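Let me begin by presenting the structure, written as C-alpha cells, before commenting on it.
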Protein chains: 2
Amino acid sequence: MSVVQEDQRSARVSTCAVAVDVAAMAIEDGRLTLLLTEPDDATQAGRWSLPGRRVRDDESLDATAMRALSELIGTEEPAVLLEQLRTYGEPARDPRARVVSVAYLALAARPLVPSVRRRTTVVTAADAATWPAERFAYDHAAIVPDALERLRAKLEYTSLATALLEQPFTLGELRSVYEAVWDVELDPANFRRKVVSTPGFVRAADGTAPPGPSGGRPARRYRSGDATRLHPAMLRDR
Amino acid sequence: MSVVQEDQRSARVSTCAVAVDVAAMAIEDGRLTLLLTEPDDATQAGRWSLPGRRVRDDESLDATAMRALSELIGTEEPAVLLEQLRTYGEPARDPRARVVSVAYLALAARPLVPSVRRRTTVVTAADAATWPAERFAYDHAAIVPDALERLRAKLEYTSLATALLEQPFTLGELRSVYEAVWDVELDPANFRRKVVSTPGFVRAADGTAPPGPSGGRPARRYRSGDATRLHPAMLRDR
DNA sequence: TAAATAGTGTCTCTTAGACAGTATATG
DNA sequence: CATATACTGTCTAAGAGACACTATTTA
C-alpha cells in the first residue's frame with residue numbers, strides 16, 4: 001500500500017524495524033539439522049536464535065536472507081535454496097523495540113559449517129522443535145516448528161527434497177532425505193517406483209555410486225528433473 | 001532478531017514502513033470475486049490496489065489485516081477467515097519510500113459489499129489475475145496471482161472451501177466453491193462420496209435446503225467438521 | 001409430463017503398499 | 001559363503017472417475 005494513506009498522519013502509526021531470520025536446514029549423517037547462533041543481546045543471554053539480519057536500504061528480503069546465511073557459514077555462495085516462510089510481527093516479540101521479522105526456510109545440499117568465531121551450534125531440527133520457548137531468543141521457538149512443518153509438507157507435493165542433496169544423487173540418498181524429514185521408514189522398492197514414475201522429478205545420470213562400507217549393489221545416479229510440483233504427490237501416511 | 005545487532009550501527013540499515021495488504025475473496029453468483037480499491041496516491045492514479053493499511057504501534061499484523069478489511073466493508077465483524085500469504089519487500093515496489101508489505105488472503109462467507117464512499121470494485125479473481133501490471137498499483141499485480149494460487153492449492157488439502165460458505169451449506173454449494181475456484185466441472189456423485197468419506201470435512205446438519213428456481217430434490221444441510229487438513233486430499237486433475 | 005438437482009450403486013482403471021525374488025557389491 | 005543394498009515383478013486393496021439408476025422438486 002501507499003505510504004501516504006489516510007492513517008499516515010496518525011500518531012499511532014509506527015515505523016518498524018524489519019529483519020530477516022533464517023531457519024537453515026541440511027542433512028547430516030542421515031539426520032535433519034538446524035543451524036542456530038547466539039544473539040548479541042543481553043536480554044537474550046544463554047538462548048539460541050536463528051541467524052538473522054536487519055534489512056538494509058536497497059536490499060531485497062531474499063538478499064538479506066542470503067546475507068544472514070553467508071555471513072555465518074562463509075563467503076562463498078553455498079548451494080542453498082531459500083524460500084520465504086512467513087512473517088512474525090507480534091508487537092512484543094522483541095522486548096526492546098518493534099521488530100517485524102520475515103522468516104525464511106533455507107535448504108542446503110551439504111552440512112552447514114559455521115565459519116565464524118561466534119557461538120553457533122547445529123542441532124537436529126526435530127529436537128529443536130520440541131525445545132521449550134525459554135531456550136530460544138525472541139519468538140524463535142514458534143518459527144522452528146513452522147519451518148519444520150513447511151518442509152515436511154512441501155516434500156509431499158514439490159521436488160524440494162533434492163535441494164538437500166548434492167548432484168548427482170542416488171535414489172537411496174533421496175529416500176533417506178524423506179526418511180529423515182518425515183521420521184519414517186519407507187519401502188525402497190515402492191519409493192523407487194513412485195519417484196521414477198513421477199514425471200520430471202529425477203532424470204537418470206551417468207555412472208553409478210560406489211556402495212557404502214557394508215556393501216551392496218552400486219546405485220545408479222540421478223539428477224533433479226525440471227518439475228517443481230509433483231504429480232502425483234509423494235503422500236505420507238497419516 | 002535483535003534490534004541491537006552488529007549491523008545496526010551501519011548507515012545502510014533502514015527503518016522500513018510496514019503495511020498489510022489484503023486479497024479478500026468471496027463467492028458471488030457462482031464466481032470467485034476479489035475486492036479492489038483505489039489508493040489515494042497521485043503516483044498511482046487510475047490503478048487498482050488491494051485494501052491496505054499501515055501497521056500501528058501495538059497492533060499485530062493479523063489485527064491490521066482485519067482492520068484494513070473492516071474499515072472498507074463495514075463496522076460489524078464479517079465472517080472472514082484471514083491467512084497470511086507472504087511478504088513483498090522489493091526496495092522499489094513503492095516509488096516514494098521503502099515499504100514492506102505483508103499480504104493476507106481473506107475468505108468471506110458472503111459477497112463483499114464496500115460500505116465506504118471511496119471508489120471500490122469487485123472483480124472476478126481469475127480475471128484480475130490476468131490483468132497487466134499497469135492496471136494495479138505498486139506490485140499488487142504480483143500478489144493477486146499468488147493469492148489465487150494459494151487458495152487453489154489449499155482447497156486440495158484443507159477444509160478452507162467451507163470458509164467461502166455460510167453455515168449450514170449443501171454439498172452442491174460446496175461443490176460450486178470448488179468449481180468456481182478451480183474453474184472446472186466436477187461430477188456431483190463422485191464429489192459427494194469424496195467429501196462424505198473424508199473424516200472431519202463436513203458433518204450432517206438438520207433439515208434440507210429448498211431447491212432453486214429450476215427445481216430439483218431438496219438437498220441435505222451440512223456444517224464444517226473439525227478437520228482442517230483433509231486426508232485423503234481432494235486432488236484436482238492436471 | 002419433462003427437466004433439474006440430490007443422492008445411491010456399480011464398474012473399471014490406476015495407484016499404493018506388501019513382499020517375493022533377482023543383481024551386485026563388501027567382508 | 002553370509003549380508004547388505006539396489007532393483008524388478010507381482011499380488012491385493014483402496015480410491016478416482018465414468019456413468020446408470022433412483023428420489024424429489026419446479027414448471
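In the C-alpha cells, each chain is lettered A, B, ... as it comes, each chain's residues begin at 1, and ligands are numbered from 1 in order of appearance.
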
Report as a PDB file with N, CA and C atoms (P, O5', C5', C4', C3', O3' and C1' of nucleotides), in the first residue's frame all protein, DNA and RNA residues lying within 10 Å of region 1-4 of chain C, evaluated on only C-alpha atoms (C1' of nucleotides), omitting residues in the same chain fewer than 4 positions from it.
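Output (result_28.pdb):
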ATOM      1  N   PRO B 211     -34.979 -26.348  -3.037  1.00  0.00           N
ATOM      2  CA  PRO B 211     -34.304 -26.334  -4.350  1.00  0.00           C
ATOM      3  C   PRO B 211     -34.373 -24.946  -4.974  1.00  0.00           C
ATOM      4  N   GLY B 212     -33.569 -24.718  -5.970  1.00  0.00           N
ATOM      5  CA  GLY B 212     -33.548 -23.443  -6.678  1.00  0.00           C
ATOM      6  C   GLY B 212     -34.762 -23.290  -7.580  1.00  0.00           C
ATOM      7  N   PRO B 213     -34.817 -22.216  -8.355  1.00  0.00           N
ATOM      8  CA  PRO B 213     -35.985 -21.943  -9.195  1.00  0.00           C
ATOM      9  C   PRO B 213     -36.170 -22.974 -10.299  1.00  0.00           C
ATOM     10  N   SER B 214     -35.132 -23.718 -10.615  1.00  0.00           N
ATOM     11  CA  SER B 214     -35.269 -24.706 -11.681  1.00  0.00           C
ATOM     12  C   SER B 214     -35.623 -26.080 -11.132  1.00  0.00           C
ATOM     13  N   GLY B 215     -35.977 -26.144  -9.851  1.00  0.00           N
ATOM     14  CA  GLY B 215     -36.419 -27.408  -9.295  1.00  0.00           C
ATOM     15  C   GLY B 215     -35.298 -28.291  -8.814  1.00  0.00           C
ATOM     16  N   GLY B 216     -35.640 -29.530  -8.554  1.00  0.00           N
ATOM     17  CA  GLY B 216     -34.660 -30.479  -8.043  1.00  0.00           C
ATOM     18  C   GLY B 216     -35.007 -30.936  -6.640  1.00  0.00           C
ATOM     19  N   ARG B 217     -34.461 -32.043  -6.292  1.00  0.00           N
ATOM     20  CA  ARG B 217     -34.708 -32.594  -4.958  1.00  0.00           C
ATOM     21  C   ARG B 217     -34.064 -31.707  -3.895  1.00  0.00           C
TER      22      ARG B 217
ATOM     23  P    DT D  25     -40.031 -33.218  -2.021  1.00  0.00           P
ATOM     24  O5'  DT D  25     -40.324 -32.112  -3.135  1.00  0.00           O
ATOM     25  C5'  DT D  25     -39.761 -30.841  -3.067  1.00  0.00           C
ATOM     26  C4'  DT D  25     -39.204 -30.397  -4.417  1.00  0.00           C
ATOM     27  C3'  DT D  25     -40.113 -29.547  -5.283  1.00  0.00           C
ATOM     28  O3'  DT D  25     -40.153 -28.217  -4.837  1.00  0.00           O
ATOM     29  C1'  DT D  25     -38.676 -30.996  -6.565  1.00  0.00           C
ATOM     30  P    DT D  26     -41.220 -27.190  -5.386  1.00  0.00           P
ATOM     31  O5'  DT D  26     -40.706 -26.881  -6.871  1.00  0.00           O
ATOM     32  C5'  DT D  26     -39.531 -26.086  -7.079  1.00  0.00           C
ATOM     33  C4'  DT D  26     -39.393 -25.714  -8.543  1.00  0.00           C
ATOM     34  C3'  DT D  26     -40.554 -24.893  -9.103  1.00  0.00           C
ATOM     35  O3'  DT D  26     -40.026 -23.892  -9.977  1.00  0.00           O
ATOM     36  C1'  DT D  26     -40.363 -26.898 -10.335  1.00  0.00           C
ATOM     37  P    DA D  27     -41.001 -22.765 -10.536  1.00  0.00           P
ATOM     38  O5'  DA D  27     -41.489 -23.335 -11.942  1.00  0.00           O
ATOM     39  C5'  DA D  27     -40.511 -23.665 -12.929  1.00  0.00           C
ATOM     40  C4'  DA D  27     -41.211 -24.169 -14.171  1.00  0.00           C
ATOM     41  C3'  DA D  27     -42.531 -23.460 -14.499  1.00  0.00           C
ATOM     42  O3'  DA D  27     -42.629 -23.209 -15.892  1.00  0.00           O
ATOM     43  C1'  DA D  27     -42.897 -25.764 -14.361  1.00  0.00           C
TER      44       DA D  27
END

At a cut-off of 10 Å, using only C-alpha atoms (C1' of nucleotides), what residues contact Trp48 (chain B)? Leave out same-chain residues fewer than 5 positions from it and give the result as JSON, numbers by chain. {"B": [35, 36, 37, 38, 39, 119, 120, 121, 134, 135, 136, 137, 138, 140, 141]}

Using only C-alpha atoms (C1' of nucleotides), which of the listed residues (B:Ala147, B:Leu186, B:Leu230, B:Arg223) sits closest to chain D?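 Ranked by minimum distance to chain D, first place goes to B:Leu186.
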
Residues of chain C within 8 Å of chain B, counting only C-alpha atoms (C1' of nucleotides), what are they? List them as number ranges by chain. C: 4-7

Any chance you could export the current selection's N, CA and C atoms (P, O5', C5', C4', C3', O3' and C1' of nucleotides) as a tab-separated table (two decimals), in the first residue's frame?
chain	number	residue	atom	x	y	z
C	4	DA	P	-32.85	-28.97	-17.97
C	4	DA	O5'	-32.59	-28.83	-16.41
C	4	DA	C5'	-33.35	-27.90	-15.66
C	4	DA	C4'	-33.24	-28.25	-14.20
C	4	DA	C3'	-31.81	-28.62	-13.78
C	4	DA	O3'	-31.40	-27.78	-12.71
C	4	DA	C1'	-33.39	-30.20	-12.97
C	5	DT	P	-29.82	-27.64	-12.34
C	5	DT	O5'	-29.67	-28.31	-10.89
C	5	DT	C5'	-30.52	-27.89	-9.85
C	5	DT	C4'	-30.67	-29.01	-8.86
C	5	DT	C3'	-29.36	-29.63	-8.37
C	5	DT	O3'	-29.24	-29.43	-6.97
C	5	DT	C1'	-30.97	-31.28	-8.86
C	6	DA	P	-28.04	-30.04	-6.11
C	6	DA	O5'	-28.69	-31.38	-5.51
C	6	DA	C5'	-29.85	-31.27	-4.72
C	6	DA	C4'	-30.16	-32.59	-4.03
C	6	DA	C3'	-28.97	-33.25	-3.36
C	6	DA	O3'	-29.40	-33.76	-2.10
C	6	DA	C1'	-29.89	-34.72	-4.98
C	7	DG	P	-28.35	-34.32	-1.03
C	7	DG	O5'	-28.18	-35.84	-1.48
C	7	DG	C5'	-29.21	-36.77	-1.14
C	7	DG	C4'	-28.98	-38.06	-1.89
C	7	DG	C3'	-27.69	-38.81	-1.57
C	7	DG	O3'	-28.00	-39.95	-0.79
C	7	DG	C1'	-28.30	-38.93	-3.84

Rounded to one decimal, what separation in Å do you get between CA of Asp127 (chain B) and CA of Ala45 (chain B)?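 Those two atoms sit 20.8 Å apart.
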
When the cut-off is 10 Å and we count only C-alpha atoms (C1' of nucleotides), which residues of chain D are near chain B, given as an MDAnalysis selection string? chainID D and resid 15:19 23:27

Which residues in region 59-178 of chain B does DSSP call helix (DSSP H, G or I)? List them as a VMD selection string. chain B and resid 61 to 73 125 to 129 133 to 135 140 to 157 160 to 164 171 to 178

Preceding selection exported with C-alpha atoms as a compact mmCIF listing (two decimals), in the first residue's frame:
# COMPACT_ATOMS: atom_id res chain seq x y z
CA LEU B 61 -0.22 -7.99 11.68
CA ASP B 62 -3.42 -10.03 11.86
CA ALA B 63 -5.18 -7.10 13.52
CA THR B 64 -4.02 -4.73 10.82
CA ALA B 65 -5.35 -7.08 8.17
CA MET B 66 -8.73 -7.29 9.86
CA ARG B 67 -8.81 -3.51 10.21
CA ALA B 68 -7.97 -2.97 6.54
CA LEU B 69 -10.97 -5.09 5.68
CA SER B 70 -13.44 -3.90 8.29
CA GLU B 71 -12.77 -0.22 7.57
CA LEU B 72 -13.76 -0.89 3.99
CA ILE B 73 -16.70 -3.27 4.20
CA ALA B 125 -10.36 -13.16 -9.18
CA ALA B 126 -9.38 -15.13 -12.27
CA ASP B 127 -9.80 -12.05 -14.49
CA ALA B 128 -7.81 -9.86 -12.09
CA ALA B 129 -5.00 -12.42 -12.12
CA ALA B 133 0.73 -4.92 -14.23
CA GLU B 134 -0.17 -1.33 -15.23
CA ARG B 135 -3.73 -1.78 -14.03
CA HIS B 140 -0.19 -5.79 -6.49
CA ALA B 141 -0.24 -7.42 -9.92
CA ALA B 142 2.13 -9.99 -8.42
CA ILE B 143 0.17 -10.50 -5.22
CA VAL B 144 -3.15 -11.37 -6.86
CA PRO B 145 -1.94 -14.48 -8.75
CA ASP B 146 -0.07 -15.61 -5.63
CA ALA B 147 -3.27 -15.33 -3.61
CA LEU B 148 -5.30 -17.18 -6.21
CA GLU B 149 -2.79 -19.99 -6.48
CA ARG B 150 -2.58 -20.30 -2.69
CA LEU B 151 -6.35 -20.62 -2.48
CA ARG B 152 -6.47 -23.15 -5.32
CA ALA B 153 -3.77 -25.25 -3.71
CA LYS B 154 -5.24 -25.13 -0.22
CA LEU B 155 -8.65 -26.35 -1.39
CA GLU B 156 -6.91 -29.62 -2.14
CA TYR B 157 -5.60 -30.49 1.28
CA LEU B 160 -10.76 -23.98 3.52
CA ALA B 161 -13.57 -24.14 0.98
CA THR B 162 -16.14 -24.03 3.79
CA ALA B 163 -14.85 -20.56 4.74
CA LEU B 164 -16.42 -19.33 1.49
CA LEU B 171 -22.86 -30.30 -0.84
CA GLY B 172 -23.98 -28.69 -4.09
CA GLU B 173 -22.92 -25.32 -2.73
CA LEU B 174 -19.61 -26.76 -1.55
CA ARG B 175 -19.05 -28.28 -4.95
CA SER B 176 -19.78 -24.94 -6.63
CA VAL B 177 -17.00 -23.39 -4.49
CA TYR B 178 -14.51 -25.91 -5.84

Residue nearest chain B among A:Ala227, A:Cys16, A:Leu165, A:Leu34 (counting only C-alpha atoms): A:Cys16

Give me the residues within 12 Å of DA20 (chain C) as a list of chain:residue names, counting only C-alpha atoms (C1' of nucleotides) and dropping any in the same chain fewer than 3 places off. A:Ala189, D:DT8, D:DG9, D:DT10, D:DC11

If we count only C-alpha atoms (C1' of nucleotides), what is near Val202 (chain B) at a cut-off of 9 Å, once residues fewer than 4 positions away on the same chain are taken out, given as an MDAnalysis selection string? chainID B and resid 159 162 195:196 198 222:227

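Distances to chain B were evaluated for A:Ala108, A:Leu82, A:Ala24, A:Ala97 using only C-alpha atoms, and the minimum falls at A:Ala97.
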
For chain A, which residue among B:Glu179, B:Asp40, B:Asp206, B:Glu83 is the nearest when counting only C-alpha atoms? B:Asp40
